[in-house]
Structures are given as structure tokens and as C-alpha cells.
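Worksheet for the structure shown next.
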Amino acid sequence: MAEDHFNIDGLFFSQLQKWELARANYKALQKVNTKDFVFGDFTVRVQFNPGRIISSAAKVDTESIRQRKCFLCPQNLPPVQVGIPFGTQYQILVNPYPIFPRHLTIAAYSHADQLIFNRYGDMLDMAKSLNGYTLFYNGPKCGASAPDHAHFQAGIKGFLPFEREIKNIGKEIIYHTDELILYAIRDYLRNCFLLETENKNEALACFRKLYALLELKDTHNEPMMNILTWYENKKYYSCIFPREKHRPECFFALGDENLLVSPAAVDLAGVFITPLKKDYDRITKKNIVSILNEI
């Protein structure tokens, strides 16, 4: 399925015409404040984005999830929000709280937990079909504001610093076959794995081996991780970020020590989201290093 088949531009045009909330938030995004922190060969961009407070501060404990309606279930979507089917299991939606100039949510029709093991192949298919976008997955305890409903997100390619830096970041080959290479990236403030192959089945097999090696914490349903996936020059690429914890201590701190930063895939790819102006003004390189080391 080619990206043109889905007419993503047409979806955005229609939704921004008819949906006041989305239109206002995409308009506001054009004037969003950003600042860059340079760490030698790479950059972390901080974005002040008040609209993302709904995600950054989302209550994702079991009781809070149980008490609210799932906002990704088709029957609970606002009447004005419409999507484009992706196969028979998913629909492509305009994300009304954007980080990217074009920001999609690709949600399962059925209400099922946010778990990647049996859906990683779907992520590869989406990356190939929507090849102007980078796909990302936030684990149920790694930034997903809907841990009870399977979904991916996608942002227009070229927006994330990681996409530019990945070509020059130091990488160590730790596993390979005739058709696949798996790298470890260790000197990027964020330890991660990079998978590269032309063969979808090889990608699936490698991911499952890696998944089995990651730590599964008590009470968790899958190892903690965020994933970025994209398709370029006939190759699949996936970057898997193993996680130690969901939110850093500064998220819960009081007074001047508090920073409302809840890192997910976009933050790990080099765009830190700060929904509060005080945090945007106060965050430092030292804070960024501390947060990434902690999570």
C-alpha cells in the first residue's frame, strides 16, 4: 500500500477545516518556542508545547484508566474526528495535540492493550506504506497515554534530530545475518539498538530475539521500551530504546525541583516536550542528562 493510497494530505485538509480543536492546535504549533542544547555531535531540542499537557501529565495508573472512557475506541471519538482505514485492524487519525507539523495516530479498531510483540510486523508495514513518516511506539509504561488501547503514532520525516544524527552516531555491530545488522548505540545519552534490513521476516525474527532478552519487570506485561521505525531506500530501520522507568524523579518533585517532563519516543529521538512555560525556561543541559540517565 503506497502512502498516496491513503491521501493523508486530504485527511489533514478535511479535518483542519471541520475540527476547530485540531485546527487551533496545528495553528498554535507554527508559533511554538524551541531551543537547542548541543552535546558534541548531537542535539536535543526542547519544545514548549502547552497542548501536550494532556499526554505529559496523563494519569495512567490502573484505577484512572478504569474510570475513564477510552479516547481511541471508535465509539468514543468526537463525531468530527474521522479516519482512513489501514488494512482491517487499524485506522489512521489526525492527532489533535501535535508535536509534528503532520502528526498521526494509528489506532486499532478493537480495544486491546498496548503491547508490541504481536504487532511489530504491523509497525513495519505502516512504515513502508507511510514512507514519508517515522512511526513510533510508546510502551504501556513508557509514555503511552492510552496504555489500554493498541496504537502507534507517526510524524513527518525530517523533524527529529535523531533522523539526521543516526548516520554519524558511533555504532557497534552486535548481531548480524546475511540480510540483517543489529547495532548497539552507547554514546548518545540514550542507549539503544538499531536494526537494519531489507527483509521484513528477518526484522521480525531479530526483534523477537531482542525482546526475549530484555528485562520483564514484576507486574509489567512487556519489557519497557520505546521504538522508532522508518523505511528508506528499500530498507526497514528500527531503533529500540530499552527503559528503566517511566517518569524521572523531577516529575514528582516539589517546588523548584519539579519539571513536568515525561519522556516518550519523541523525547528519546531528540525533541524534549515541556508543556509548562516555567519548565521550558528552566530546563538545562544538566537536567536533560540527569533525566536520560535515570530513565
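Chain lettering (A, B, ...) mirrors the order of the C-alpha cells, residue numbering begins at 1 for each chain separately, and ligand numbering begins at 1 in order of display.
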Could I get the residues of segment 183-285 of chain A with an atom no further than 10 Å from an atom of segment 32-39 of chain A, each paired with its nearest atom pair and that distance in Å to one decimal, using only C-alpha atoms, sorted by chain and residue number, as CSV?
```
residue,atom,partner,partner_atom,distance
A:Tyr188,CA,A:Phe39,CA,8.9
A:Leu189,CA,A:Phe39,CA,9.2
A:Gly270,CA,A:Asp36,CA,9.6
A:Val271,CA,A:Asp36,CA,9.1
A:Phe272,CA,A:Thr34,CA,9.5
A:Ile273,CA,A:Thr34,CA,9.5
A:Thr274,CA,A:Thr34,CA,9.8
A:Lys277,CA,A:Asn33,CA,9.6
A:Tyr280,CA,A:Thr34,CA,8.6
A:Asp281,CA,A:Lys35,CA,9.7
A:Thr284,CA,A:Phe37,CA,8.2
A:Lys285,CA,A:Phe37,CA,6.5
```
Next item on the list: Enumerate as a ChimeraX atom specification all residues of segment 12-237 of chain A assigned to strand (DSSP E) by DSSP on the backbone, naming them with the chain letters and numbers the document uses.
Entry: /A:33-39,42-48,84-86,90-94,103-108,133-138,151-156,172-176,180-185,192-197,225-232,235-237
Margin query: Using only C-alpha atoms, which protein or nucleic acid residues come within 9 Å of Glu249 of chain A? Drop anything in the same chain fewer than 5 positions from it, and give the result as a VMD selection string.
Written below: chain A and resid 258 to 259 291 294
How about saving the chosen residues, N, CA, C and O atoms kept, as a compact mmCIF listing (two decimals), in the first residue's frame?
```txt
# COMPACT_ATOMS: atom_id res chain seq x y z
N ASN A 258 10.79 20.59 40.64
CA ASN A 258 9.80 19.95 39.76
C ASN A 258 10.00 20.36 38.30
O ASN A 258 10.13 21.54 37.99
N LEU A 259 10.02 19.36 37.42
CA LEU A 259 9.98 19.57 35.97
C LEU A 259 8.96 18.57 35.42
O LEU A 259 9.12 17.37 35.58
N ILE A 291 17.86 13.30 33.44
CA ILE A 291 16.61 12.62 33.09
C ILE A 291 16.89 11.39 32.23
O ILE A 291 16.37 10.30 32.48
N GLU A 294 18.51 8.61 34.12
CA GLU A 294 17.59 7.99 35.09
C GLU A 294 16.62 7.03 34.43
O GLU A 294 16.34 5.96 34.97
```
Check: Which neighbours of segment 192-196 of chain A fall inside 8 Å, counting only C-alpha atoms, when residues of the same chain fewer than 4 positions from it are skipped, and could you give them as a list in words?
Finding: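 The neighbour list is Leu180, Ile181, Leu182, Tyr183, Ala184, Ile185, Arg186, Ala203, Lys235, Tyr236, Tyr237, Ser238, Cys239, Ile240, Phe241 and Pro242 of chain A.
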Check: Which neighbours of Leu160 of chain A fall inside 12 Å, counting only C-alpha atoms, when residues of the same chain fewer than 5 positions from it are skipped, and could you give them as a ChimeraX atom specification?
Finding: /A:42-47,99-101,133-136,154-155,165-166,228,265-272
Save out the residues we just selected, N, CA and C atoms, as a PDB file, in the first residue's frame.
```
ATOM      1  N   PHE A  42      25.673  15.711  18.728  1.00  0.00           N
ATOM      2  CA  PHE A  42      24.226  15.614  18.608  1.00  0.00           C
ATOM      3  C   PHE A  42      23.545  16.731  19.400  1.00  0.00           C
ATOM      4  N   THR A  43      22.257  16.881  19.140  1.00  0.00           N
ATOM      5  CA  THR A  43      21.485  17.994  19.691  1.00  0.00           C
ATOM      6  C   THR A  43      20.212  17.466  20.340  1.00  0.00           C
ATOM      7  N   VAL A  44      19.808  18.089  21.417  1.00  0.00           N
ATOM      8  CA  VAL A  44      18.487  17.863  22.000  1.00  0.00           C
ATOM      9  C   VAL A  44      17.716  19.173  21.893  1.00  0.00           C
ATOM     10  N   ARG A  45      16.592  19.127  21.225  1.00  0.00           N
ATOM     11  CA  ARG A  45      15.734  20.305  21.067  1.00  0.00           C
ATOM     12  C   ARG A  45      14.636  20.257  22.127  1.00  0.00           C
ATOM     13  N   VAL A  46      14.420  21.354  22.795  1.00  0.00           N
ATOM     14  CA  VAL A  46      13.343  21.454  23.779  1.00  0.00           C
ATOM     15  C   VAL A  46      12.216  22.270  23.151  1.00  0.00           C
ATOM     16  N   GLN A  47      11.012  21.713  23.205  1.00  0.00           N
ATOM     17  CA  GLN A  47       9.837  22.354  22.615  1.00  0.00           C
ATOM     18  C   GLN A  47       8.856  22.714  23.731  1.00  0.00           C
ATOM     19  N   ILE A  99       2.847  17.350  17.921  1.00  0.00           N
ATOM     20  CA  ILE A  99       4.248  17.722  18.100  1.00  0.00           C
ATOM     21  C   ILE A  99       4.852  18.055  16.736  1.00  0.00           C
ATOM     22  N   PHE A 100       4.454  17.291  15.718  1.00  0.00           N
ATOM     23  CA  PHE A 100       4.941  17.428  14.352  1.00  0.00           C
ATOM     24  C   PHE A 100       3.975  18.283  13.522  1.00  0.00           C
ATOM     25  N   PRO A 101       4.465  18.912  12.449  1.00  0.00           N
ATOM     26  CA  PRO A 101       3.552  19.614  11.540  1.00  0.00           C
ATOM     27  C   PRO A 101       2.501  18.696  10.923  1.00  0.00           C
ATOM     28  N   TYR A 133       6.767   9.189   6.636  1.00  0.00           N
ATOM     29  CA  TYR A 133       6.612   9.355   8.073  1.00  0.00           C
ATOM     30  C   TYR A 133       7.539   8.413   8.839  1.00  0.00           C
ATOM     31  N   THR A 134       7.889   8.823  10.046  1.00  0.00           N
ATOM     32  CA  THR A 134       8.553   7.947  11.004  1.00  0.00           C
ATOM     33  C   THR A 134       7.505   7.460  11.992  1.00  0.00           C
ATOM     34  N   LEU A 135       7.434   6.143  12.172  1.00  0.00           N
ATOM     35  CA  LEU A 135       6.479   5.543  13.101  1.00  0.00           C
ATOM     36  C   LEU A 135       7.102   5.472  14.487  1.00  0.00           C
ATOM     37  N   PHE A 136       6.297   5.621  15.519  1.00  0.00           N
ATOM     38  CA  PHE A 136       6.827   5.394  16.853  1.00  0.00           C
ATOM     39  C   PHE A 136       5.813   4.717  17.747  1.00  0.00           C
ATOM     40  N   ALA A 154       2.748   8.549  14.253  1.00  0.00           N
ATOM     41  CA  ALA A 154       3.644   8.812  13.131  1.00  0.00           C
ATOM     42  C   ALA A 154       3.820  10.312  12.984  1.00  0.00           C
ATOM     43  N   GLY A 155       5.058  10.708  12.718  1.00  0.00           N
ATOM     44  CA  GLY A 155       5.359  12.114  12.474  1.00  0.00           C
ATOM     45  C   GLY A 155       6.105  12.261  11.172  1.00  0.00           C
ATOM     46  N   GLU A 165      21.025  12.473  12.820  1.00  0.00           N
ATOM     47  CA  GLU A 165      22.241  12.105  13.543  1.00  0.00           C
ATOM     48  C   GLU A 165      22.579  10.629  13.439  1.00  0.00           C
ATOM     49  N   ILE A 166      21.591   9.793  13.153  1.00  0.00           N
ATOM     50  CA  ILE A 166      21.793   8.356  13.188  1.00  0.00           C
ATOM     51  C   ILE A 166      22.881   7.893  12.227  1.00  0.00           C
ATOM     52  N   LEU A 228      11.268   3.524  17.432  1.00  0.00           N
ATOM     53  CA  LEU A 228      11.100   4.312  16.214  1.00  0.00           C
ATOM     54  C   LEU A 228      11.336   3.391  15.032  1.00  0.00           C
ATOM     55  N   ALA A 265       8.897   8.330  23.094  1.00  0.00           N
ATOM     56  CA  ALA A 265       9.757   8.096  21.927  1.00  0.00           C
ATOM     57  C   ALA A 265      10.276   9.389  21.313  1.00  0.00           C
ATOM     58  N   VAL A 266       9.427  10.405  21.218  1.00  0.00           N
ATOM     59  CA  VAL A 266       9.849  11.664  20.590  1.00  0.00           C
ATOM     60  C   VAL A 266      10.972  12.315  21.388  1.00  0.00           C
ATOM     61  N   ASP A 267      10.860  12.294  22.718  1.00  0.00           N
ATOM     62  CA  ASP A 267      11.913  12.863  23.561  1.00  0.00           C
ATOM     63  C   ASP A 267      13.235  12.105  23.359  1.00  0.00           C
ATOM     64  N   LEU A 268      13.145  10.770  23.304  1.00  0.00           N
ATOM     65  CA  LEU A 268      14.349   9.967  23.114  1.00  0.00           C
ATOM     66  C   LEU A 268      14.946  10.180  21.735  1.00  0.00           C
ATOM     67  N   ALA A 269      14.154  10.637  20.790  1.00  0.00           N
ATOM     68  CA  ALA A 269      14.644  10.929  19.444  1.00  0.00           C
ATOM     69  C   ALA A 269      15.139  12.366  19.322  1.00  0.00           C
ATOM     70  N   GLY A 270      15.188  13.085  20.455  1.00  0.00           N
ATOM     71  CA  GLY A 270      15.855  14.385  20.443  1.00  0.00           C
ATOM     72  C   GLY A 270      14.978  15.600  20.546  1.00  0.00           C
ATOM     73  N   VAL A 271      13.667  15.436  20.783  1.00  0.00           N
ATOM     74  CA  VAL A 271      12.783  16.589  20.978  1.00  0.00           C
ATOM     75  C   VAL A 271      12.105  16.441  22.338  1.00  0.00           C
ATOM     76  N   PHE A 272      12.608  17.155  23.328  1.00  0.00           N
ATOM     77  CA  PHE A 272      12.038  17.134  24.670  1.00  0.00           C
ATOM     78  C   PHE A 272      10.803  18.024  24.707  1.00  0.00           C
TER      79      PHE A 272
END
```
Check: What gap, in Å, lies between atom CA of Ile106 of chain A and atom CA of Cys70 of chain A?
Finding: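 We find that atom CA of Ile106 of chain A and atom CA of Cys70 of chain A lie 14.6 Å from each other.
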Margin query: Give me, as a VMD selection string, all polymer residues having an atom no more than 12 Å from Lys217 of chain A, counting only C-alpha atoms and skipping those fewer than 3 positions away in the same chain.
Written below: chain A and resid 141 214 220 to 225 243 to 245
Saved selection, atoms kept: C-alpha atoms, as a compact mmCIF listing (two decimals), in the first residue's frame:
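Written output follows (part31.txt):
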```txt
# COMPACT_ATOMS: atom_id res chain seq x y z
CA LYS A 141 4.57 2.23 30.92
CA LEU A 214 15.06 -7.52 27.69
CA HIS A 220 4.54 -5.48 33.70
CA ASN A 221 3.12 -7.18 30.62
CA GLU A 222 6.11 -6.46 28.39
CA PRO A 223 9.70 -5.19 28.72
CA MET A 224 9.82 -1.40 28.94
CA MET A 225 10.71 0.16 25.60
CA ARG A 243 13.71 1.72 29.54
CA GLU A 244 14.42 1.55 33.25
CA LYS A 245 11.49 3.63 34.43
```
Item checked: Nearest candidate to Lys157 of chain A (options A:Leu216, A:Glu202, A:Tyr231, A:Ile174; using only C-alpha atoms) -> A:Tyr231
Note to self: What's the separation between atom CA of Phe207 of chain A and atom CA of Leu93 of chain A, in Å to one decimal place?
What the structure shows: 26.7 Å
Check: Counting only C-alpha atoms, what is within 6 Å of Pro275 of chain A, bar same-chain residues fewer than 6 positions away, as a list of chain:residue names?
Finding: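 In the requested form, the answer reads A:Phe48, A:Asn49, A:Pro50, A:Arg52, A:Ile53.
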Filtering to N, CA and C atoms, could you give me those residues as a compact mmCIF listing (two decimals), in the first residue's frame?
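Listed below is the output, result25.txt:
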```txt
# COMPACT_ATOMS: atom_id res chain seq x y z
N PHE A 48 8.47 23.99 23.78
CA PHE A 48 7.41 24.41 24.69
C PHE A 48 6.08 24.22 23.98
N ASN A 49 5.31 23.24 24.44
CA ASN A 49 4.10 22.83 23.72
C ASN A 49 2.97 22.60 24.73
N PRO A 50 2.24 23.68 25.07
CA PRO A 50 1.19 23.56 26.09
C PRO A 50 0.13 22.51 25.76
N ARG A 52 0.43 19.63 24.77
CA ARG A 52 0.81 18.26 25.12
C ARG A 52 0.66 17.96 26.61
N ILE A 53 0.15 18.89 27.37
CA ILE A 53 -0.06 18.65 28.80
C ILE A 53 -0.97 17.45 29.00
```
Next item on the list: Enter the distance from atom CA of Val80 of chain A to atom CA of Val94 of chain A, in Å, rounded to one decimal.
Entry: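 Interatomic distance, atom CA of Val80 of chain A to atom CA of Val94 of chain A: 11.1 Å.
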